[in-house]
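First comes the structure, then the notes that go with it.
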Amino acid sequence: MPQRTFSIVKPDAVRKGFTGAILAEIEKAGFQIVAIKKQSISKEQAKGFYAVHTGKPFFEPLCEFMSSGPLFLMVLEKDNAVADLRKLMGATNPANAEEGTIRKKFAGSIQENAIHGSDAEDTAAFEIGYWFAGHELI
């Protein structure tokens, strides 16, 4: 039974022109792109999305960064999608990411780490619903 997960190609990767290469890695790994849209988000939207991190030292800089330029919001589908995307992305800190992972190839730092992916099925459901209306999911 295919599972859905949520992902973002972050502003740093979009700015550096890595979006196409990252999407190719995702498709090569067997994910179907159910929905995708490019948009800029406000700091308020970022704060709502990352509300779970409110009060943590990285919260404000993260929201500032995520609203700093266009990004790509995506719904992806495949068997074991959540875990498989986490593995494909690599460690949050690209210095610790395994060779061949998206963050090892495209991320510049722990903050500017190219891609976001849901960490659990319930998180994925919240994140998909936050950015996509039901009619946008084909």
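Going through the structure tokens in order, the chains are called A, B, and so on, while each chain numbers its residues from 1 and the ligands are numbered from 1 in the order shown.
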
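Taking chain A and asking which residues DSSP calls strand (DSSP E or B) on the backbone, you get Gln3, Arg4, Thr5, Phe6, Ser7, Ile8, Val9, Gln32, Ile33, Val34, Ala35, Ile36, Lys37, Lys38, Gln39, Leu71, Phe72, Leu73, Met74, Val75, Leu76, Glu77, Lys78, Ile115, His116 and Gly117 of chain A.
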
From a DSSP calculation on the backbone, collect every residue of range 64-135 of chain A in helix (DSSP H, G or I) and output the set as a compact mmCIF listing (two decimals) with C-alpha atoms, in the first residue's frame.
# COMPACT_ATOMS: atom_id res chain seq x y z
CA GLU A 64 13.58 33.57 8.52
CA PHE A 65 15.48 31.20 6.22
CA MET A 66 12.41 29.31 4.98
CA ALA A 81 7.66 6.72 1.76
CA VAL A 82 8.41 8.43 5.10
CA ALA A 83 11.37 6.22 6.04
CA ASP A 84 12.69 5.94 2.49
CA LEU A 85 12.71 9.72 2.00
CA ARG A 86 14.51 10.23 5.34
CA LYS A 87 17.19 7.78 4.18
CA LEU A 88 17.47 9.44 0.75
CA MET A 89 17.80 12.92 2.32
CA PRO A 94 25.32 17.42 5.68
CA ALA A 95 28.76 16.87 7.23
CA ASN A 96 27.33 13.69 8.82
CA ILE A 102 20.67 14.51 -1.19
CA ARG A 103 22.15 16.50 1.69
CA LYS A 104 25.66 15.16 1.07
CA LYS A 105 25.40 16.23 -2.58
CA PHE A 106 23.47 19.51 -2.35
CA GLU A 121 3.22 9.39 9.09
CA ASP A 122 1.16 11.70 11.34
CA THR A 123 3.58 14.58 10.70
CA ALA A 124 3.26 13.94 6.95
CA ALA A 125 -0.55 14.15 7.20
CA PHE A 126 -0.33 17.50 9.04
CA GLU A 127 2.30 18.90 6.65
CA ILE A 128 0.41 17.85 3.50
CA GLY A 129 -2.79 19.39 4.86
CA TYR A 130 -0.96 22.59 5.83
CA TRP A 131 0.19 23.32 2.26
CA GLY A 134 -7.51 18.06 -1.14
CA HIS A 135 -8.36 18.96 -4.74

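Among the candidates A:Ala114, A:Val52, A:Val75, A:Val34, the residue lying nearest to Arg15 in chain A is A:Ala114 (atoms considered: only C-alpha atoms).
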
task = Compile the contact shell of Glu77 in chain A as a list in words: residues with an atom at most 9 Å away, counting only C-alpha atoms, same-chain residues fewer than 2 positions apart removed.
result = Pro2, Gln3, Arg4, Thr5, Phe6, Gly30, Phe31, Gln32, Ile33, Val34, Val75, Asp79, Asn80, Ala81 and Val82 of chain A

Please, could you write that set of residues out with C-alpha atoms as a tab-separated table (two decimals), in the first residue's frame?
chain	number	residue	atom	x	y	z
A	2	PRO	CA	1.67	3.25	-1.05
A	3	GLN	CA	2.29	5.81	1.66
A	4	ARG	CA	2.42	9.58	1.25
A	5	THR	CA	5.01	11.93	2.67
A	6	PHE	CA	5.72	15.61	2.41
A	30	GLY	CA	10.96	5.36	-6.95
A	31	PHE	CA	8.83	8.16	-5.54
A	32	GLN	CA	5.79	9.41	-7.44
A	33	ILE	CA	5.30	13.17	-7.26
A	34	VAL	CA	1.59	13.45	-6.38
A	75	VAL	CA	3.60	15.44	-1.82
A	79	ASP	CA	5.72	2.14	-0.29
A	80	ASN	CA	7.47	3.09	2.97
A	81	ALA	CA	7.66	6.72	1.76
A	82	VAL	CA	8.41	8.43	5.10
